[in-house]
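**Student:** Compact mmCIF, N, CA and C atoms, saved as model17.txt, coming up:
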```
# COMPACT_ATOMS: atom_id res chain seq x y z
N MET A 1 -61.15 -67.86 -14.57
CA MET A 1 -61.13 -66.59 -13.87
C MET A 1 -62.33 -66.45 -12.93
N VAL A 2 -63.49 -66.88 -13.41
CA VAL A 2 -64.69 -66.80 -12.58
C VAL A 2 -64.57 -67.73 -11.37
N VAL A 3 -63.96 -68.89 -11.58
CA VAL A 3 -63.81 -69.83 -10.48
C VAL A 3 -62.89 -69.23 -9.41
N ARG A 4 -61.82 -68.60 -9.83
CA ARG A 4 -60.92 -67.99 -8.86
C ARG A 4 -61.61 -66.88 -8.08
N ARG A 5 -62.39 -66.07 -8.75
CA ARG A 5 -63.11 -64.99 -8.08
C ARG A 5 -64.11 -65.54 -7.08
N ARG A 6 -64.83 -66.58 -7.48
CA ARG A 6 -65.80 -67.18 -6.55
C ARG A 6 -65.10 -67.86 -5.39
N ALA A 7 -63.98 -68.53 -5.67
CA ALA A 7 -63.24 -69.19 -4.60
C ALA A 7 -62.68 -68.16 -3.62
N PHE A 8 -62.17 -67.04 -4.15
CA PHE A 8 -61.66 -65.99 -3.28
C PHE A 8 -62.77 -65.40 -2.42
N ARG A 9 -63.92 -65.16 -3.03
CA ARG A 9 -65.06 -64.61 -2.28
C ARG A 9 -65.50 -65.59 -1.19
N ALA A 10 -65.56 -66.87 -1.53
CA ALA A 10 -65.96 -67.87 -0.55
C ALA A 10 -64.96 -67.95 0.60
N MET A 11 -63.67 -67.93 0.28
CA MET A 11 -62.66 -67.98 1.34
C MET A 11 -62.72 -66.74 2.22
N LEU A 12 -62.94 -65.60 1.61
CA LEU A 12 -63.03 -64.36 2.38
C LEU A 12 -64.23 -64.41 3.32
N ILE A 13 -65.35 -64.84 2.82
CA ILE A 13 -66.56 -64.91 3.65
C ILE A 13 -66.40 -65.95 4.76
N LEU A 14 -65.80 -67.09 4.43
CA LEU A 14 -65.65 -68.16 5.42
C LEU A 14 -64.61 -67.83 6.50
N THR A 15 -63.71 -66.92 6.22
CA THR A 15 -62.76 -66.52 7.26
C THR A 15 -63.20 -65.26 8.00
N ALA A 16 -63.82 -64.33 7.29
CA ALA A 16 -64.21 -63.06 7.93
C ALA A 16 -65.43 -63.22 8.84
N THR A 17 -66.33 -64.12 8.51
CA THR A 17 -67.54 -64.28 9.33
C THR A 17 -67.21 -64.79 10.73
N PRO A 18 -66.42 -65.87 10.88
CA PRO A 18 -66.07 -66.27 12.25
C PRO A 18 -65.22 -65.25 12.98
N TRP A 19 -64.39 -64.53 12.24
CA TRP A 19 -63.56 -63.48 12.85
C TRP A 19 -64.45 -62.38 13.43
N ALA A 20 -65.42 -61.94 12.65
CA ALA A 20 -66.35 -60.91 13.13
C ALA A 20 -67.19 -61.44 14.29
N ALA A 21 -67.61 -62.69 14.20
CA ALA A 21 -68.40 -63.28 15.28
C ALA A 21 -67.58 -63.38 16.56
N ALA A 22 -66.31 -63.74 16.43
CA ALA A 22 -65.45 -63.83 17.61
C ALA A 22 -65.26 -62.46 18.27
N LEU A 23 -65.07 -61.43 17.46
CA LEU A 23 -64.96 -60.08 18.02
C LEU A 23 -66.24 -59.68 18.75
N THR A 24 -67.38 -59.97 18.13
CA THR A 24 -68.66 -59.58 18.72
C THR A 24 -68.93 -60.33 20.02
N VAL A 25 -68.72 -61.63 20.01
CA VAL A 25 -68.97 -62.44 21.21
C VAL A 25 -68.00 -62.06 22.33
N THR A 26 -66.76 -61.83 21.99
CA THR A 26 -65.78 -61.40 23.00
C THR A 26 -66.18 -60.06 23.60
N GLY A 27 -66.64 -59.15 22.75
CA GLY A 27 -67.10 -57.86 23.25
C GLY A 27 -68.29 -57.97 24.17
N LEU A 28 -69.23 -58.83 23.80
CA LEU A 28 -70.40 -59.03 24.66
C LEU A 28 -70.00 -59.63 26.01
N TRP A 29 -69.08 -60.60 25.97
CA TRP A 29 -68.61 -61.18 27.22
C TRP A 29 -67.93 -60.13 28.08
N LEU A 30 -67.05 -59.33 27.46
CA LEU A 30 -66.32 -58.32 28.22
C LEU A 30 -67.27 -57.28 28.82
N ALA A 31 -68.27 -56.88 28.05
CA ALA A 31 -69.19 -55.85 28.54
C ALA A 31 -70.10 -56.36 29.65
N PHE A 32 -70.52 -57.62 29.56
CA PHE A 32 -71.50 -58.11 30.53
C PHE A 32 -70.90 -58.88 31.70
N THR A 33 -69.76 -59.54 31.52
CA THR A 33 -69.19 -60.32 32.62
C THR A 33 -67.72 -60.06 32.86
N GLY A 34 -67.06 -59.36 31.99
CA GLY A 34 -65.63 -59.12 32.16
C GLY A 34 -65.31 -58.29 33.38
N TRP A 35 -66.22 -57.40 33.74
CA TRP A 35 -65.98 -56.56 34.90
C TRP A 35 -66.00 -57.34 36.21
N LYS A 36 -66.54 -58.57 36.18
CA LYS A 36 -66.50 -59.40 37.39
C LYS A 36 -65.09 -59.91 37.66
N VAL A 37 -64.31 -60.08 36.59
CA VAL A 37 -62.92 -60.49 36.74
C VAL A 37 -62.07 -59.32 37.20
N LEU A 38 -62.36 -58.14 36.68
CA LEU A 38 -61.65 -56.91 37.05
C LEU A 38 -62.65 -55.94 37.67
N PRO A 39 -62.98 -56.11 38.94
CA PRO A 39 -64.05 -55.30 39.53
C PRO A 39 -63.78 -53.81 39.54
N GLY A 40 -62.53 -53.39 39.57
CA GLY A 40 -62.23 -51.97 39.60
C GLY A 40 -62.33 -51.29 38.25
N ALA A 41 -62.50 -52.07 37.22
CA ALA A 41 -62.50 -51.53 35.86
C ALA A 41 -63.83 -51.78 35.15
N ARG A 42 -64.92 -51.58 35.85
CA ARG A 42 -66.23 -51.87 35.27
C ARG A 42 -66.51 -50.99 34.05
N ILE A 43 -66.28 -49.70 34.16
CA ILE A 43 -66.55 -48.79 33.04
C ILE A 43 -65.63 -49.12 31.87
N ALA A 44 -64.35 -49.41 32.16
CA ALA A 44 -63.41 -49.77 31.10
C ALA A 44 -63.84 -51.05 30.39
N CYS A 45 -64.36 -52.01 31.13
CA CYS A 45 -64.82 -53.26 30.52
C CYS A 45 -66.05 -53.04 29.65
N VAL A 46 -66.96 -52.22 30.09
CA VAL A 46 -68.16 -51.95 29.30
C VAL A 46 -67.80 -51.20 28.02
N ILE A 47 -66.97 -50.18 28.14
CA ILE A 47 -66.57 -49.42 26.95
C ILE A 47 -65.72 -50.30 26.03
N GLY A 48 -64.80 -51.07 26.60
CA GLY A 48 -63.99 -51.98 25.79
C GLY A 48 -64.83 -53.04 25.10
N GLY A 49 -65.84 -53.56 25.79
CA GLY A 49 -66.74 -54.53 25.18
C GLY A 49 -67.52 -53.94 24.03
N ALA A 50 -67.99 -52.71 24.22
CA ALA A 50 -68.69 -52.03 23.13
C ALA A 50 -67.76 -51.81 21.95
N PHE A 51 -66.49 -51.51 22.21
CA PHE A 51 -65.50 -51.35 21.15
C PHE A 51 -65.37 -52.63 20.34
N TRP A 52 -65.26 -53.77 21.02
CA TRP A 52 -65.10 -55.04 20.31
C TRP A 52 -66.35 -55.41 19.53
N VAL A 53 -67.53 -55.14 20.07
CA VAL A 53 -68.78 -55.42 19.36
C VAL A 53 -68.87 -54.58 18.09
N VAL A 54 -68.61 -53.30 18.21
CA VAL A 54 -68.69 -52.41 17.05
C VAL A 54 -67.61 -52.78 16.02
N SER A 55 -66.44 -53.18 16.49
CA SER A 55 -65.38 -53.60 15.57
C SER A 55 -65.79 -54.85 14.79
N GLY A 56 -66.44 -55.79 15.46
CA GLY A 56 -66.92 -56.99 14.78
C GLY A 56 -67.98 -56.67 13.74
N GLN A 57 -68.87 -55.76 14.07
CA GLN A 57 -69.91 -55.38 13.12
C GLN A 57 -69.32 -54.65 11.91
N LEU A 58 -68.35 -53.78 12.14
CA LEU A 58 -67.70 -53.07 11.04
C LEU A 58 -66.93 -54.04 10.15
N LEU A 59 -66.23 -54.98 10.75
CA LEU A 59 -65.51 -55.98 9.98
C LEU A 59 -66.46 -56.79 9.10
N PHE A 60 -67.59 -57.21 9.67
CA PHE A 60 -68.56 -57.97 8.90
C PHE A 60 -69.12 -57.13 7.76
N MET A 61 -69.44 -55.88 8.04
CA MET A 61 -69.99 -55.02 6.99
C MET A 61 -69.01 -54.83 5.84
N CYS A 62 -67.74 -54.57 6.17
CA CYS A 62 -66.75 -54.26 5.14
C CYS A 62 -66.29 -55.49 4.36
N LEU A 63 -66.14 -56.62 5.01
CA LEU A 63 -65.59 -57.78 4.33
C LEU A 63 -66.62 -58.78 3.82
N VAL A 64 -67.77 -58.83 4.43
CA VAL A 64 -68.75 -59.84 4.02
C VAL A 64 -69.96 -59.20 3.35
N ALA A 65 -70.62 -58.29 4.02
CA ALA A 65 -71.87 -57.73 3.49
C ALA A 65 -71.65 -56.98 2.18
N ASP A 66 -70.54 -56.25 2.06
CA ASP A 66 -70.28 -55.53 0.81
C ASP A 66 -70.11 -56.48 -0.37
N ARG A 67 -69.61 -57.68 -0.11
CA ARG A 67 -69.42 -58.64 -1.20
C ARG A 67 -70.68 -59.44 -1.50
N LEU A 68 -71.48 -59.69 -0.48
CA LEU A 68 -72.72 -60.44 -0.71
C LEU A 68 -73.81 -59.57 -1.33
N PHE A 69 -73.79 -58.28 -1.02
CA PHE A 69 -74.81 -57.36 -1.53
C PHE A 69 -74.14 -56.18 -2.23
N PRO A 70 -73.58 -56.41 -3.42
CA PRO A 70 -72.83 -55.33 -4.09
C PRO A 70 -73.71 -54.19 -4.60
N ARG A 71 -75.00 -54.43 -4.76
CA ARG A 71 -75.89 -53.38 -5.28
C ARG A 71 -76.60 -52.60 -4.18
N ALA A 72 -76.15 -52.73 -2.97
CA ALA A 72 -76.76 -51.98 -1.87
C ALA A 72 -76.52 -50.49 -2.09
N SER A 73 -77.38 -49.69 -1.54
CA SER A 73 -77.28 -48.25 -1.68
C SER A 73 -75.93 -47.74 -1.15
N ARG A 74 -75.15 -47.14 -2.01
CA ARG A 74 -73.84 -46.62 -1.61
C ARG A 74 -73.98 -45.55 -0.54
N ARG A 75 -75.02 -44.76 -0.62
CA ARG A 75 -75.24 -43.71 0.38
C ARG A 75 -75.48 -44.32 1.76
N LEU A 76 -76.31 -45.34 1.83
CA LEU A 76 -76.61 -46.00 3.10
C LEU A 76 -75.39 -46.76 3.62
N VAL A 77 -74.73 -47.48 2.73
CA VAL A 77 -73.55 -48.26 3.14
C VAL A 77 -72.44 -47.32 3.61
N GLY A 78 -72.20 -46.27 2.86
CA GLY A 78 -71.15 -45.32 3.24
C GLY A 78 -71.42 -44.66 4.58
N ALA A 79 -72.66 -44.23 4.78
CA ALA A 79 -73.01 -43.60 6.05
C ALA A 79 -72.87 -44.58 7.21
N SER A 80 -73.27 -45.82 7.00
CA SER A 80 -73.16 -46.84 8.05
C SER A 80 -71.71 -47.13 8.39
N GLU A 81 -70.88 -47.29 7.36
CA GLU A 81 -69.48 -47.62 7.60
C GLU A 81 -68.73 -46.44 8.23
N ILE A 82 -69.04 -45.23 7.81
CA ILE A 82 -68.40 -44.06 8.41
C ILE A 82 -68.85 -43.91 9.87
N GLY A 83 -70.13 -44.12 10.12
CA GLY A 83 -70.62 -44.04 11.50
C GLY A 83 -69.99 -45.08 12.41
N LEU A 84 -69.89 -46.32 11.92
CA LEU A 84 -69.26 -47.36 12.73
C LEU A 84 -67.77 -47.10 12.91
N SER A 85 -67.12 -46.57 11.89
CA SER A 85 -65.70 -46.23 12.01
C SER A 85 -65.48 -45.15 13.06
N ALA A 86 -66.35 -44.16 13.06
CA ALA A 86 -66.26 -43.10 14.08
C ALA A 86 -66.51 -43.68 15.47
N ALA A 87 -67.46 -44.60 15.57
CA ALA A 87 -67.73 -45.25 16.86
C ALA A 87 -66.54 -46.07 17.33
N VAL A 88 -65.87 -46.77 16.41
CA VAL A 88 -64.69 -47.55 16.77
C VAL A 88 -63.60 -46.64 17.34
N VAL A 89 -63.34 -45.53 16.66
CA VAL A 89 -62.30 -44.61 17.13
C VAL A 89 -62.70 -44.01 18.48
N GLY A 90 -63.95 -43.57 18.61
CA GLY A 90 -64.40 -42.98 19.87
C GLY A 90 -64.37 -43.96 21.02
N LEU A 91 -64.82 -45.18 20.79
CA LEU A 91 -64.81 -46.18 21.85
C LEU A 91 -63.40 -46.61 22.21
N PHE A 92 -62.52 -46.66 21.22
CA PHE A 92 -61.13 -46.99 21.51
C PHE A 92 -60.51 -45.95 22.43
N LEU A 93 -60.70 -44.69 22.08
CA LEU A 93 -60.17 -43.62 22.92
C LEU A 93 -60.83 -43.62 24.30
N GLY A 94 -62.13 -43.87 24.34
CA GLY A 94 -62.83 -43.95 25.62
C GLY A 94 -62.32 -45.09 26.48
N ALA A 95 -62.04 -46.24 25.86
CA ALA A 95 -61.51 -47.38 26.62
C ALA A 95 -60.13 -47.09 27.17
N ILE A 96 -59.29 -46.43 26.37
CA ILE A 96 -57.95 -46.08 26.84
C ILE A 96 -58.04 -45.13 28.04
N ILE A 97 -58.90 -44.13 27.94
CA ILE A 97 -59.06 -43.17 29.03
C ILE A 97 -59.63 -43.87 30.27
N ALA A 98 -60.64 -44.72 30.07
CA ALA A 98 -61.25 -45.42 31.21
C ALA A 98 -60.26 -46.36 31.88
N MET A 99 -59.42 -47.03 31.10
CA MET A 99 -58.41 -47.91 31.71
C MET A 99 -57.39 -47.10 32.49
N GLY A 100 -57.02 -45.94 31.94
CA GLY A 100 -56.08 -45.08 32.67
C GLY A 100 -56.65 -44.60 33.98
N LEU A 101 -57.93 -44.26 33.98
CA LEU A 101 -58.57 -43.81 35.22
C LEU A 101 -58.77 -44.95 36.21
N ALA A 102 -59.05 -46.16 35.69
CA ALA A 102 -59.31 -47.29 36.57
C ALA A 102 -58.06 -47.76 37.29
N TRP A 103 -56.92 -47.67 36.63
CA TRP A 103 -55.69 -48.20 37.23
C TRP A 103 -54.73 -47.13 37.67
N SER A 104 -55.20 -45.89 37.76
CA SER A 104 -54.31 -44.84 38.27
C SER A 104 -54.32 -44.89 39.80
N PRO A 105 -53.22 -44.57 40.40
CA PRO A 105 -53.16 -44.64 41.87
C PRO A 105 -53.94 -43.54 42.54
```
Output the file's structure as structure tokens, nothing else.
**Tutor:**
Amino acid sequence: MVVRRRAFRAMLILTATPWAAALTVTGLWLAFTGWKVLPGARIACVIGGAFWVVSGQLLFMCLVADRLFPRASRRLVGASEIGLSAAVVGLFLGAIIAMGLAWSP
């Protein structure tokens, strides 16, 4: 039973870490150079890039950090995860609005 739990934890960490890193790196690329590909959507690219970066950080916190550090302060972890979740929702809505404004006639 312990081996299965450790194997599951290892598989989760080994898959979630590159996933979170890919989200973060993609967001950084979109925020800093993506607007060069779509020059009319600079604000949308920056907000969208911030969305992907925050999403990667939230994914890492929820799937990796919570398992590696189970005794972390629940108050601090909860506040951080709620704050990042609110940022994800806000940035998502901001990106949708910015894209609508960028491509409206």
**Student:** Of the residues A:Met61, A:Ile13, A:Leu93, A:Ala44, which is the one nearest to Ala79 in chain A, using only C-alpha atoms?
**Tutor:**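 Looking only at the distances to Ala79 in chain A, the closest residue turns out to be A:Met61.
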**Student:** What gap, in Å, lies between atom N of Arg74 in chain A and CA of Ser55 in chain A?
**Tutor:**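 Computed distance, atom N of Arg74 in chain A to CA of Ser55 in chain A, equals 21.1 Å.
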**Student:** From the list A:Leu23, A:Val2, A:Thr17, A:Arg42, which residue is nearest Leu63 in chain A when using all atoms listed in the file?
**Tutor:** A:Thr17
**Student:** With only C-alpha atoms as the counted atoms, please give the residues lying no more than 12 Å from Gly83 in chain A, apart from itself and same-chain residues fewer than 3 positions off, as an MDAnalysis selection string.
**Tutor:** chainID A and resid 54:55 57:58 61 76:80 86:90
**Student:** Rank nothing, just name the residue among A:Val46, A:Val3, A:Leu38, A:Ala20 nearest to Ala95 in chain A, using only N, CA and C atoms.
**Tutor:**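 Smallest distance to Ala95 in chain A is found for A:Val46.
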**Student:** When you draw a straight line from CA of Pro70 in chain A to CA of Arg4 in chain A, how long is it in Å?
**Tutor:**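 Between CA of Pro70 in chain A and CA of Arg4 in chain A the gap is 18.0 Å.
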**Student:** Is there a way to get, as JSON, numbers by chain, all residues within 12 Å of the point (-66.7, -58.2, 16.5) in file coordinates, counting only C-alpha atoms?
**Tutor:** {"A": [16, 17, 18, 19, 20, 21, 22, 23, 24, 25, 26, 27, 28, 29, 30, 48, 49, 50, 51, 52, 53, 54, 55, 56, 57, 58, 59, 60, 61, 84, 88]}
**Student:** Suppose you want the space between CA of Ala72 in chain A and atom N of Leu91 in chain A; what is it in Å?
**Tutor:**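 A separation of 26.5 Å between them.
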**Student:** From the set A:Ile97, A:Cys45, A:Leu12, A:Val64, which residue has the shortest atom-to-atom contact distance to Phe32 in chain A, counting only N, CA and C atoms?
**Tutor:** A:Cys45
**Student:** Give me every alpha helix (DSSP H) residue in chain A, going by DSSP on the backbone, as a PyMOL selection string.
**Tutor:** chain A and resi 2-29+35-37+42-60+66-68+74-102
**Student:** Rank A:Leu68, A:Ile82, A:Cys62, A:Ile47 by their smallest atom-to-atom distance to Ile96 in chain A, using only N, CA and C atoms, and report the top residue only.
**Tutor:**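 Checking each candidate against Ile96 in chain A, we get A:Ile47 as the closest.
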**Student:** May I ask which of the residues A:Thr15, A:Ser104, A:Ser73, A:Met99 is the closest one to Trp35 in chain A, counting only C-alpha atoms?
**Tutor:**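 Among the listed residues, the smallest separation from Trp35 in chain A belongs to A:Met99.
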**Student:** Will you give me range 14-56 of chain A, written with N, CA and C atoms and laid out as a short mmCIF file (atom, residue, chain, number, x, y, z; two decimals), in the first residue's frame?
**Tutor:**
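For reference, decode15.cif as written:
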```
data_model
loop_
_atom_site.label_atom_id
_atom_site.label_comp_id
_atom_site.auth_asym_id
_atom_site.auth_seq_id
_atom_site.Cartn_x
_atom_site.Cartn_y
_atom_site.Cartn_z
N LEU A 14 5.77 14.02 -11.28
CA LEU A 14 6.52 13.98 -12.54
C LEU A 14 5.68 14.40 -13.74
N THR A 15 4.37 14.33 -13.63
CA THR A 15 3.54 14.81 -14.74
C THR A 15 3.06 16.24 -14.53
N ALA A 16 2.77 16.61 -13.29
CA ALA A 16 2.23 17.95 -13.04
C ALA A 16 3.31 19.03 -13.13
N THR A 17 4.54 18.71 -12.78
CA THR A 17 5.61 19.72 -12.81
C THR A 17 5.89 20.20 -14.24
N PRO A 18 6.10 19.30 -15.22
CA PRO A 18 6.29 19.81 -16.58
C PRO A 18 5.05 20.49 -17.15
N TRP A 19 3.88 20.03 -16.74
CA TRP A 19 2.64 20.66 -17.20
C TRP A 19 2.57 22.11 -16.70
N ALA A 20 2.86 22.30 -15.42
CA ALA A 20 2.85 23.65 -14.86
C ALA A 20 3.96 24.51 -15.49
N ALA A 21 5.11 23.91 -15.72
CA ALA A 21 6.21 24.65 -16.35
C ALA A 21 5.84 25.06 -17.77
N ALA A 22 5.18 24.17 -18.50
CA ALA A 22 4.76 24.50 -19.87
C ALA A 22 3.76 25.64 -19.88
N LEU A 23 2.81 25.62 -18.95
CA LEU A 23 1.85 26.73 -18.86
C LEU A 23 2.57 28.04 -18.57
N THR A 24 3.50 28.01 -17.62
CA THR A 24 4.20 29.22 -17.22
C THR A 24 5.08 29.77 -18.35
N VAL A 25 5.83 28.90 -19.00
CA VAL A 25 6.71 29.35 -20.08
C VAL A 25 5.89 29.86 -21.27
N THR A 26 4.80 29.18 -21.58
CA THR A 26 3.93 29.64 -22.66
C THR A 26 3.34 31.01 -22.34
N GLY A 27 2.95 31.20 -21.09
CA GLY A 27 2.42 32.50 -20.69
C GLY A 27 3.45 33.60 -20.78
N LEU A 28 4.67 33.29 -20.36
CA LEU A 28 5.74 34.29 -20.47
C LEU A 28 6.03 34.65 -21.93
N TRP A 29 6.05 33.62 -22.79
CA TRP A 29 6.27 33.90 -24.20
C TRP A 29 5.15 34.76 -24.76
N LEU A 30 3.90 34.40 -24.43
CA LEU A 30 2.76 35.16 -24.96
C LEU A 30 2.79 36.60 -24.47
N ALA A 31 3.12 36.80 -23.21
CA ALA A 31 3.11 38.16 -22.66
C ALA A 31 4.24 39.02 -23.21
N PHE A 32 5.41 38.42 -23.44
CA PHE A 32 6.55 39.24 -23.85
C PHE A 32 6.81 39.27 -25.35
N THR A 33 6.43 38.24 -26.09
CA THR A 33 6.70 38.25 -27.53
C THR A 33 5.51 37.87 -28.39
N GLY A 34 4.45 37.39 -27.79
CA GLY A 34 3.28 36.98 -28.58
C GLY A 34 2.62 38.12 -29.30
N TRP A 35 2.68 39.30 -28.72
CA TRP A 35 2.06 40.46 -29.36
C TRP A 35 2.78 40.87 -30.64
N LYS A 36 4.01 40.39 -30.84
CA LYS A 36 4.71 40.69 -32.10
C LYS A 36 4.08 39.91 -33.26
N VAL A 37 3.53 38.73 -32.95
CA VAL A 37 2.85 37.94 -33.97
C VAL A 37 1.48 38.53 -34.27
N LEU A 38 0.82 39.01 -33.24
CA LEU A 38 -0.51 39.65 -33.38
C LEU A 38 -0.41 41.09 -32.91
N PRO A 39 0.10 41.99 -33.74
CA PRO A 39 0.36 43.36 -33.28
C PRO A 39 -0.87 44.11 -32.81
N GLY A 40 -2.05 43.79 -33.32
CA GLY A 40 -3.25 44.50 -32.91
C GLY A 40 -3.80 44.05 -31.57
N ALA A 41 -3.25 42.99 -31.04
CA ALA A 41 -3.79 42.40 -29.81
C ALA A 41 -2.76 42.41 -28.69
N ARG A 42 -2.04 43.50 -28.56
CA ARG A 42 -0.98 43.56 -27.55
C ARG A 42 -1.54 43.40 -26.13
N ILE A 43 -2.58 44.12 -25.80
CA ILE A 43 -3.16 44.03 -24.45
C ILE A 43 -3.72 42.63 -24.20
N ALA A 44 -4.38 42.06 -25.22
CA ALA A 44 -4.92 40.71 -25.08
C ALA A 44 -3.80 39.69 -24.86
N CYS A 45 -2.68 39.86 -25.53
CA CYS A 45 -1.56 38.94 -25.36
C CYS A 45 -0.94 39.07 -23.97
N VAL A 46 -0.81 40.26 -23.48
CA VAL A 46 -0.24 40.46 -22.14
C VAL A 46 -1.17 39.89 -21.07
N ILE A 47 -2.45 40.16 -21.18
CA ILE A 47 -3.40 39.63 -20.20
C ILE A 47 -3.50 38.12 -20.33
N GLY A 48 -3.54 37.61 -21.56
CA GLY A 48 -3.58 36.17 -21.76
C GLY A 48 -2.33 35.48 -21.25
N GLY A 49 -1.17 36.11 -21.45
CA GLY A 49 0.07 35.55 -20.92
C GLY A 49 0.08 35.51 -19.41
N ALA A 50 -0.42 36.57 -18.79
CA ALA A 50 -0.52 36.57 -17.33
C ALA A 50 -1.47 35.48 -16.85
N PHE A 51 -2.55 35.24 -17.60
CA PHE A 51 -3.48 34.17 -17.27
C PHE A 51 -2.78 32.82 -17.27
N TRP A 52 -1.99 32.55 -18.31
CA TRP A 52 -1.29 31.26 -18.40
C TRP A 52 -0.24 31.11 -17.31
N VAL A 53 0.46 32.19 -16.98
CA VAL A 53 1.47 32.13 -15.90
C VAL A 53 0.80 31.82 -14.56
N VAL A 54 -0.26 32.54 -14.26
CA VAL A 54 -0.96 32.32 -12.99
C VAL A 54 -1.58 30.92 -12.95
N SER A 55 -2.08 30.44 -14.09
CA SER A 55 -2.64 29.09 -14.14
C SER A 55 -1.57 28.04 -13.86
N GLY A 56 -0.38 28.23 -14.41
CA GLY A 56 0.71 27.31 -14.15
C GLY A 56 1.13 27.30 -12.69
#
```
